$ cat upload.cif   # mmCIF, C-alpha atoms
data_model
#
loop_
_atom_site.group_PDB
_atom_site.id
_atom_site.type_symbol
_atom_site.label_atom_id
_atom_site.label_comp_id
_atom_site.auth_asym_id
_atom_site.auth_seq_id
_atom_site.Cartn_x
_atom_site.Cartn_y
_atom_site.Cartn_z
ATOM 1 C CA MET N 1 99.883 33.758 108.719
ATOM 2 C CA LYS N 2 98.927 30.235 109.679
ATOM 3 C CA SER N 3 96.968 29.657 112.887
ATOM 4 C CA ALA N 4 100.060 28.319 114.685
ATOM 5 C CA GLU N 5 101.818 31.644 114.093
ATOM 6 C CA ALA N 6 98.755 33.610 115.252
ATOM 7 C CA TYR N 7 98.605 31.520 118.422
ATOM 8 C CA ARG N 8 102.331 32.090 119.010
ATOM 9 C CA VAL N 9 101.942 35.878 118.783
ATOM 10 C CA LEU N 10 98.894 35.919 121.052
ATOM 11 C CA ARG N 11 100.545 33.546 123.544
ATOM 12 C CA THR N 12 103.627 35.769 123.736
ATOM 13 C CA HIS N 13 101.499 38.742 124.810
ATOM 14 C CA LEU N 14 98.747 37.049 126.803
ATOM 15 C CA ALA N 15 100.503 34.244 128.687
ATOM 16 C CA PRO N 16 102.210 36.512 131.264
ATOM 17 C CA ILE N 17 98.912 38.275 131.996
ATOM 18 C CA PHE N 18 97.040 35.023 132.517
ATOM 19 C CA GLN N 19 99.880 33.639 134.617
ATOM 20 C CA ASP N 20 99.754 36.757 136.815
ATOM 21 C CA ALA N 21 95.994 36.170 137.218
ATOM 22 C CA GLY N 22 96.618 32.635 138.527
ATOM 23 C CA PHE N 23 95.925 30.702 135.318
ATOM 24 C CA LYS N 24 97.923 27.775 133.963
ATOM 25 C CA ARG N 25 98.224 26.916 130.296
ATOM 26 C CA ALA N 26 95.860 24.184 129.175
ATOM 27 C CA LYS N 27 96.504 21.784 126.303
ATOM 28 C CA GLU N 28 93.718 22.658 123.878
ATOM 29 C CA LEU N 29 93.979 25.555 121.423
ATOM 30 C CA LEU N 30 95.474 28.607 123.114
ATOM 31 C CA SER N 31 93.820 28.201 126.502
ATOM 32 C CA TRP N 32 94.284 28.794 130.186
ATOM 33 C CA ARG N 33 92.536 27.317 133.228
ATOM 34 C CA ARG N 34 92.209 28.222 136.875
ATOM 35 C CA PRO N 35 90.346 26.547 139.740
ATOM 36 C CA GLN N 36 87.330 28.471 140.959
ATOM 37 C CA ARG N 37 85.252 27.335 143.932
ATOM 38 C CA GLY N 38 85.371 23.643 143.031
ATOM 39 C CA ARG N 39 85.061 24.300 139.311
ATOM 40 C CA TYR N 40 87.320 25.646 136.585
ATOM 41 C CA LEU N 41 87.397 28.933 134.789
ATOM 42 C CA VAL N 42 88.739 28.276 131.289
ATOM 43 C CA VAL N 43 89.618 30.987 128.775
ATOM 44 C CA TRP N 44 90.707 30.396 125.211
ATOM 45 C CA CYS N 45 91.477 32.048 121.915
ATOM 46 C CA GLN N 46 90.286 30.253 118.813
ATOM 47 C CA VAL N 47 91.374 31.084 115.290
ATOM 48 C CA SER N 48 88.716 30.694 112.607
ATOM 49 C CA GLN N 49 88.200 27.251 111.143
ATOM 50 C CA TYR N 50 88.599 28.750 107.685
ATOM 51 C CA PRO N 51 92.141 28.739 106.319
ATOM 52 C CA TRP N 52 94.377 31.802 106.192
ATOM 53 C CA ASP N 53 93.805 33.980 103.149
ATOM 54 C CA ASP N 54 96.523 36.237 101.746
ATOM 55 C CA TYR N 55 93.991 39.001 101.095
ATOM 56 C CA SER N 56 91.367 38.845 103.836
ATOM 57 C CA GLY N 57 93.599 37.341 106.511
ATOM 58 C CA SER N 58 91.764 35.491 109.251
ATOM 59 C CA LYS N 59 90.007 36.102 112.559
ATOM 60 C CA PHE N 60 89.816 34.741 116.066
ATOM 61 C CA THR N 61 87.607 34.942 119.099
ATOM 62 C CA VAL N 62 88.009 34.765 122.870
ATOM 63 C CA GLU N 63 85.724 32.601 124.972
ATOM 64 C CA PHE N 64 85.212 32.121 128.714
ATOM 65 C CA GLN N 65 83.774 29.055 130.397
ATOM 66 C CA LEU N 66 82.970 27.960 133.938
ATOM 67 C CA SER N 67 82.808 24.165 134.118
ATOM 68 C CA ASP N 68 83.430 21.093 136.220
ATOM 69 C CA GLU N 69 86.269 20.080 133.892
ATOM 70 C CA ALA N 70 89.392 22.076 133.061
ATOM 71 C CA ILE N 71 89.085 21.586 129.301
ATOM 72 C CA VAL N 72 87.951 23.784 126.428
ATOM 73 C CA ALA N 73 84.300 23.341 125.440
ATOM 74 C CA ALA N 74 83.443 21.073 128.366
ATOM 75 C CA LYS N 75 79.849 20.899 129.495
ATOM 76 C CA SER N 76 79.657 24.207 131.276
ATOM 77 C CA VAL N 77 77.797 26.041 133.980
ATOM 78 C CA ARG N 78 78.219 29.130 131.847
ATOM 79 C CA ARG N 79 80.055 29.867 128.619
ATOM 80 C CA ARG N 80 80.317 33.204 126.905
ATOM 81 C CA ARG N 81 82.236 34.805 124.083
ATOM 82 C CA PHE N 82 83.813 38.135 124.910
ATOM 83 C CA PRO N 83 81.386 40.493 123.032
ATOM 84 C CA LYS N 84 78.637 39.546 125.470
ATOM 85 C CA MET N 85 80.928 40.661 128.287
ATOM 86 C CA LEU N 86 81.414 44.159 126.875
ATOM 87 C CA ASP N 87 79.291 47.259 127.127
ATOM 88 C CA ASP N 88 78.499 49.472 124.133
ATOM 89 C CA SER N 89 81.731 51.458 124.456
ATOM 90 C CA GLY N 90 83.809 48.270 124.536
ATOM 91 C CA ARG N 91 82.114 46.965 121.418
ATOM 92 C CA GLU N 92 82.662 50.354 119.780
ATOM 93 C CA GLU N 93 86.362 50.067 120.596
ATOM 94 C CA ILE N 94 86.365 46.719 118.785
ATOM 95 C CA ARG N 95 84.531 48.184 115.793
ATOM 96 C CA THR N 96 87.095 50.999 115.523
ATOM 97 C CA ILE N 97 90.019 48.574 115.583
ATOM 98 C CA GLN N 98 88.206 46.196 113.232
ATOM 99 C CA ASN N 99 87.672 48.966 110.695
ATOM 100 C CA GLY N 100 91.357 49.880 110.918
ATOM 101 C CA VAL N 101 92.343 46.285 110.245
ATOM 102 C CA ILE N 102 89.935 46.017 107.317
ATOM 103 C CA ALA N 103 91.235 49.263 105.813
ATOM 104 C CA SER N 104 94.821 47.990 106.013
ATOM 105 C CA LEU N 105 94.194 44.675 104.268
ATOM 106 C CA GLN N 106 95.461 44.268 100.710
ATOM 107 C CA ARG N 107 92.512 44.067 98.321
ATOM 108 C CA PRO N 108 92.451 41.236 95.791
ATOM 109 C CA PRO N 109 93.125 42.250 92.190
ATOM 110 C CA ALA N 110 90.124 43.112 90.009
ATOM 111 C CA ASN N 111 90.675 39.948 87.964
ATOM 112 C CA HIS N 112 90.661 37.632 91.007
ATOM 113 C CA PRO N 113 88.331 34.682 90.241
ATOM 114 C CA LEU N 114 86.580 34.940 93.627
ATOM 115 C CA LEU N 115 86.479 38.737 93.838
ATOM 116 C CA HIS N 116 82.711 38.835 94.379
ATOM 117 C CA LEU N 117 83.130 36.631 97.475
ATOM 118 C CA TYR N 118 85.835 38.875 98.905
ATOM 119 C CA LEU N 119 84.221 42.274 98.573
ATOM 120 C CA LYS N 120 81.956 42.022 101.619
ATOM 121 C CA GLY N 121 84.954 41.203 103.813
ATOM 122 C CA PHE N 122 86.555 44.532 102.892
ATOM 123 C CA GLN N 123 83.558 46.738 103.696
ATOM 124 C CA ARG N 124 83.719 49.117 106.613
ATOM 125 C CA ILE N 125 81.511 48.172 109.565
ATOM 126 C CA ASP N 126 79.151 51.125 109.829
ATOM 127 C CA GLN N 127 76.665 49.833 112.383
ATOM 128 C CA PRO N 128 77.611 49.408 116.035
ATOM 129 C CA TYR N 129 78.015 45.849 117.246
ATOM 130 C CA SER N 130 75.444 44.543 119.690
ATOM 131 C CA GLU N 131 75.983 42.020 122.456
ATOM 132 C CA LEU N 132 74.308 39.458 120.183
ATOM 133 C CA ASP N 133 76.947 39.789 117.443
ATOM 134 C CA ASP N 134 79.477 36.982 117.220
ATOM 135 C CA ILE N 135 82.534 39.096 116.507
ATOM 136 C CA GLY N 136 85.651 37.606 114.994
ATOM 137 C CA LEU N 137 88.724 39.774 115.553
ATOM 138 C CA ARG N 138 90.195 40.195 112.071
ATOM 139 C CA TYR N 139 93.929 40.212 111.446
ATOM 140 C CA GLY N 140 96.223 40.293 108.475
ATOM 141 C CA CYS N 141 99.592 40.635 110.189
ATOM 142 C CA GLU N 142 101.361 40.381 113.526
ATOM 143 C CA GLU N 143 100.719 44.057 114.293
ATOM 144 C CA HIS N 144 96.966 43.415 114.202
ATOM 145 C CA LEU N 145 97.313 40.522 116.639
ATOM 146 C CA VAL N 146 99.379 42.681 118.995
ATOM 147 C CA THR N 147 96.661 45.355 118.877
ATOM 148 C CA TRP N 148 94.016 42.754 119.739
ATOM 149 C CA ALA N 149 96.197 41.345 122.519
ATOM 150 C CA ARG N 150 96.370 44.839 124.055
ATOM 151 C CA LEU N 151 92.588 45.126 123.903
ATOM 152 C CA ILE N 152 92.216 41.725 125.586
ATOM 153 C CA ILE N 153 94.719 42.688 128.268
ATOM 154 C CA ASN N 154 92.892 45.972 128.930
ATOM 155 C CA HIS N 155 89.498 44.290 129.280
ATOM 156 C CA LEU N 156 90.616 41.078 130.977
ATOM 157 C CA PRO N 157 90.180 42.296 134.587
ATOM 158 C CA SER N 158 86.538 43.179 133.886
ATOM 159 C CA TRP N 159 85.892 39.952 131.990
ATOM 160 C CA LEU N 160 87.420 37.857 134.758
ATOM 161 C CA LYS N 161 85.354 39.672 137.372
ATOM 162 C CA GLN N 162 82.191 38.860 135.417
ATOM 163 C CA ALA N 163 83.199 35.220 134.944
ATOM 164 C CA GLU N 164 84.105 34.849 138.618
ATOM 165 C CA ALA N 165 80.523 35.795 139.518
ATOM 166 C CA TRP N 166 78.951 33.150 137.282
ATOM 167 C CA ASP N 167 78.731 30.462 139.925
ATOM 168 C CA THR N 168 77.021 32.825 142.354
ATOM 169 C CA GLU N 169 74.333 34.174 140.000
ATOM 170 C CA PRO N 170 71.532 32.598 137.959
ATOM 171 C CA ALA N 171 72.369 31.705 134.358
#
$ encode --input "upload.cif" --output "structure tokens"
Amino acid sequence: MKSAEAYRVLRTHLAPIFQDAGFKRAKELLSWRRPQRGRYLVVWCQVSQYPWDDYSGSKFTVEFQLSDEAIVAAKSVRRRRFPKMLDDSGREEIRTIQNGVIASLQRPPANHPLLHLYLKGFQRIDQPYSELDDIGLRYGCEEHLVTWARLIINHLPSWLKQAEAWDTEPA
């Protein structure tokens, strides 16, 4: 599943939610922007820079930014990836889904020339994530992306509330 297809699936599920929250689609990546007290709140999904792999799939992240410009990765007042916006139970929810995705991925054959490089990517995540972990949401098929989209939709009100407070609190 190439990144364009992953973005299409995520956009299908997330665009109506962002539109309902007052966001407009931005041009970069899969991103949305909304004015906020003279600045812009920008949210985007970014698929991994590494190419799709038929065995290990790929991953993506979600990032929030408050900036003077309505573009992804602009110089920002505050910028945060979603794990830092979750509490322990939210990160545990991600770990549970992540382990389900990993368990469903097709393992490479024993004679695969890069098998030793793959094996770590198929191990269950046994330790809870912390807010310091940079978590990539793994996927191997459209169903995984839909599951992640549901998680994003469920947590989005809380994440937006946190991001809306950024320009009123110290960094």
$ closest_residue --input "upload.cif" --among "N:Trp148, N:Trp52, N:Phe122, N:Phe64" --to "Leu160 (chain N)" --atoms "only C-alpha atoms"
N:Phe64
$ residues_near_point --input "upload.cif" --point "(76.6, 42.9, 126.8)" --cutoff "9 Å" --atoms "all atoms listed in the file" --output "NGL selection string"
:N and (82-88 or 91 or 130-132)
$ closest_residue --input "upload.cif" --among "N:Leu30, N:Arg138, N:Ala73, N:Arg81" --to "His13 (chain N)" --atoms "all atoms listed in the file"
N:Leu30
$ resolve_selection --input "upload.cif" --expression "the PyMOL selection byres ((chain N and resi 45-49) around 9)" --output "list in words"
Ser3, Ala6, Tyr7, Leu10, Leu29, Leu30, Ser31, Val43, Trp44, Tyr50, Pro51, Trp52, Ser58, Lys59, Phe60, Thr61, Val62, Glu63 and Gly136 of chain N
$ residues_around --input "upload.cif" --residues "Asp54 (chain N)" --least-positions-apart "3" --cutoff "9 Å" --atoms "all atoms listed in the file" --output "ChimeraX atom specification"
/N:1,57-58,106,108,140
$ closest_residue --input "upload.cif" --among "N:Gly100, N:Pro109, N:Pro16, N:Gly38" --to "Ile125 (chain N)" --atoms "all atoms listed in the file"
N:Gly100
$ closest_residue --input "upload.cif" --among "N:His144, N:Ser104, N:Val77, N:Val72" --to "Arg25 (chain N)" --atoms "only C-alpha atoms"
N:Val72
$ residues_around --input "upload.cif" --residues "Thr168 (chain N)" --least-positions-apart "2" --cutoff "12 Å" --atoms "all atoms listed in the file" --output "PyMOL selection string"
chain N and resi 36-37+66+77-78+161-166+170-171
$ closest_residue --input "upload.cif" --among "N:Ile71, N:Ile17, N:Gln65, N:Leu105" --to "Glu143 (chain N)" --atoms "all atoms listed in the file"
N:Leu105
$ atom_distance --input "upload.cif" --atom1 "CA of Arg95 (chain N)" --atom2 "CA of Arg11 (chain N)"
23.0 Å
$ decode --input "upload.cif" --residues "region 92-103 of chain N" --atoms "all heavy atoms" --output "PDB file, in the first residue's frame"
ATOM      1  N   GLU N  92      -1.735   3.082  26.114  1.00  0.00           N
ATOM      2  CA  GLU N  92      -1.980   1.637  26.225  1.00  0.00           C
ATOM      3  C   GLU N  92      -2.956   1.179  25.135  1.00  0.00           C
ATOM      4  O   GLU N  92      -2.799   0.087  24.575  1.00  0.00           O
ATOM      5  CB  GLU N  92      -2.518   1.292  27.612  1.00  0.00           C
ATOM      6  CG  GLU N  92      -2.614  -0.190  27.874  1.00  0.00           C
ATOM      7  CD  GLU N  92      -1.292  -0.934  27.776  1.00  0.00           C
ATOM      8  OE1 GLU N  92      -0.205  -0.319  27.916  1.00  0.00           O
ATOM      9  OE2 GLU N  92      -1.327  -2.153  27.523  1.00  0.00           O
ATOM     10  N   GLU N  93      -3.928   2.014  24.830  1.00  0.00           N
ATOM     11  CA  GLU N  93      -4.851   1.711  23.737  1.00  0.00           C
ATOM     12  C   GLU N  93      -4.074   1.572  22.418  1.00  0.00           C
ATOM     13  O   GLU N  93      -4.324   0.656  21.630  1.00  0.00           O
ATOM     14  CB  GLU N  93      -5.898   2.829  23.633  1.00  0.00           C
ATOM     15  CG  GLU N  93      -6.926   2.626  22.567  1.00  0.00           C
ATOM     16  CD  GLU N  93      -7.923   3.786  22.505  1.00  0.00           C
ATOM     17  OE1 GLU N  93      -7.772   4.796  23.229  1.00  0.00           O
ATOM     18  OE2 GLU N  93      -8.856   3.664  21.696  1.00  0.00           O
ATOM     19  N   ILE N  94      -3.124   2.462  22.205  1.00  0.00           N
ATOM     20  CA  ILE N  94      -2.288   2.383  21.003  1.00  0.00           C
ATOM     21  C   ILE N  94      -1.461   1.105  21.008  1.00  0.00           C
ATOM     22  O   ILE N  94      -1.360   0.413  19.994  1.00  0.00           O
ATOM     23  CB  ILE N  94      -1.384   3.625  20.887  1.00  0.00           C
ATOM     24  CG1 ILE N  94      -2.240   4.823  20.501  1.00  0.00           C
ATOM     25  CG2 ILE N  94      -0.258   3.403  19.876  1.00  0.00           C
ATOM     26  CD1 ILE N  94      -1.514   6.124  20.496  1.00  0.00           C
ATOM     27  N   ARG N  95      -0.882   0.770  22.140  1.00  0.00           N
ATOM     28  CA  ARG N  95      -0.052  -0.444  22.218  1.00  0.00           C
ATOM     29  C   ARG N  95      -0.880  -1.687  21.908  1.00  0.00           C
ATOM     30  O   ARG N  95      -0.436  -2.586  21.189  1.00  0.00           O
ATOM     31  CB  ARG N  95       0.599  -0.560  23.599  1.00  0.00           C
ATOM     32  CG  ARG N  95       1.581  -1.717  23.694  1.00  0.00           C
ATOM     33  CD  ARG N  95       2.403  -1.629  24.963  1.00  0.00           C
ATOM     34  NE  ARG N  95       1.653  -1.984  26.132  1.00  0.00           N
ATOM     35  CZ  ARG N  95       1.746  -3.157  26.760  1.00  0.00           C
ATOM     36  NH1 ARG N  95       2.542  -4.103  26.308  1.00  0.00           N
ATOM     37  NH2 ARG N  95       1.048  -3.379  27.848  1.00  0.00           N
ATOM     38  N   THR N  96      -2.111  -1.737  22.396  1.00  0.00           N
ATOM     39  CA  THR N  96      -2.988  -2.883  22.132  1.00  0.00           C
ATOM     40  C   THR N  96      -3.282  -3.004  20.638  1.00  0.00           C
ATOM     41  O   THR N  96      -3.174  -4.097  20.061  1.00  0.00           O
ATOM     42  CB  THR N  96      -4.302  -2.735  22.928  1.00  0.00           C
ATOM     43  OG1 THR N  96      -3.990  -2.710  24.319  1.00  0.00           O
ATOM     44  CG2 THR N  96      -5.264  -3.868  22.631  1.00  0.00           C
ATOM     45  N   ILE N  97      -3.633  -1.900  20.014  1.00  0.00           N
ATOM     46  CA  ILE N  97      -3.906  -1.921  18.573  1.00  0.00           C
ATOM     47  C   ILE N  97      -2.627  -2.267  17.810  1.00  0.00           C
ATOM     48  O   ILE N  97      -2.642  -3.085  16.883  1.00  0.00           O
ATOM     49  CB  ILE N  97      -4.487  -0.577  18.096  1.00  0.00           C
ATOM     50  CG1 ILE N  97      -5.850  -0.328  18.736  1.00  0.00           C
ATOM     51  CG2 ILE N  97      -4.594  -0.542  16.565  1.00  0.00           C
ATOM     52  CD1 ILE N  97      -6.399   1.076  18.520  1.00  0.00           C
ATOM     53  N   GLN N  98      -1.528  -1.654  18.208  1.00  0.00           N
ATOM     54  CA  GLN N  98      -0.245  -1.901  17.543  1.00  0.00           C
ATOM     55  C   GLN N  98       0.110  -3.384  17.582  1.00  0.00           C
ATOM     56  O   GLN N  98       0.518  -3.960  16.570  1.00  0.00           O
ATOM     57  CB  GLN N  98       0.833  -1.065  18.240  1.00  0.00           C
ATOM     58  CG  GLN N  98       2.107  -0.919  17.478  1.00  0.00           C
ATOM     59  CD  GLN N  98       2.078   0.245  16.522  1.00  0.00           C
ATOM     60  OE1 GLN N  98       1.313   0.226  15.560  1.00  0.00           O
ATOM     61  NE2 GLN N  98       2.895   1.238  16.756  1.00  0.00           N
ATOM     62  N   ASN N  99      -0.071  -4.012  18.727  1.00  0.00           N
ATOM     63  CA  ASN N  99       0.232  -5.437  18.833  1.00  0.00           C
ATOM     64  C   ASN N  99      -0.697  -6.274  17.954  1.00  0.00           C
ATOM     65  O   ASN N  99      -0.276  -7.283  17.387  1.00  0.00           O
ATOM     66  CB  ASN N  99       0.180  -5.904  20.292  1.00  0.00           C
ATOM     67  CG  ASN N  99       1.449  -5.555  21.033  1.00  0.00           C
ATOM     68  OD1 ASN N  99       2.525  -5.494  20.453  1.00  0.00           O
ATOM     69  ND2 ASN N  99       1.331  -5.329  22.326  1.00  0.00           N
ATOM     70  N   GLY N 100      -1.943  -5.853  17.824  1.00  0.00           N
ATOM     71  CA  GLY N 100      -2.861  -6.551  16.922  1.00  0.00           C
ATOM     72  C   GLY N 100      -2.426  -6.433  15.471  1.00  0.00           C
ATOM     73  O   GLY N 100      -2.493  -7.403  14.702  1.00  0.00           O
ATOM     74  N   VAL N 101      -1.985  -5.251  15.089  1.00  0.00           N
ATOM     75  CA  VAL N 101      -1.491  -5.050  13.725  1.00  0.00           C
ATOM     76  C   VAL N 101      -0.268  -5.920  13.489  1.00  0.00           C
ATOM     77  O   VAL N 101      -0.181  -6.644  12.485  1.00  0.00           O
ATOM     78  CB  VAL N 101      -1.162  -3.560  13.467  1.00  0.00           C
ATOM     79  CG1 VAL N 101      -0.393  -3.389  12.158  1.00  0.00           C
ATOM     80  CG2 VAL N 101      -2.425  -2.720  13.463  1.00  0.00           C
ATOM     81  N   ILE N 102       0.681  -5.872  14.407  1.00  0.00           N
ATOM     82  CA  ILE N 102       1.915  -6.651  14.259  1.00  0.00           C
ATOM     83  C   ILE N 102       1.597  -8.137  14.136  1.00  0.00           C
ATOM     84  O   ILE N 102       2.158  -8.834  13.279  1.00  0.00           O
ATOM     85  CB  ILE N 102       2.879  -6.370  15.432  1.00  0.00           C
ATOM     86  CG1 ILE N 102       3.410  -4.931  15.327  1.00  0.00           C
ATOM     87  CG2 ILE N 102       4.030  -7.383  15.461  1.00  0.00           C
ATOM     88  CD1 ILE N 102       4.116  -4.433  16.572  1.00  0.00           C
ATOM     89  N   ALA N 103       0.689  -8.623  14.960  1.00  0.00           N
ATOM     90  CA  ALA N 103       0.333 -10.049  14.918  1.00  0.00           C
ATOM     91  C   ALA N 103      -0.308 -10.441  13.595  1.00  0.00           C
ATOM     92  O   ALA N 103      -0.208 -11.597  13.167  1.00  0.00           O
ATOM     93  CB  ALA N 103      -0.606 -10.382  16.079  1.00  0.00           C
TER      94      ALA N 103
END
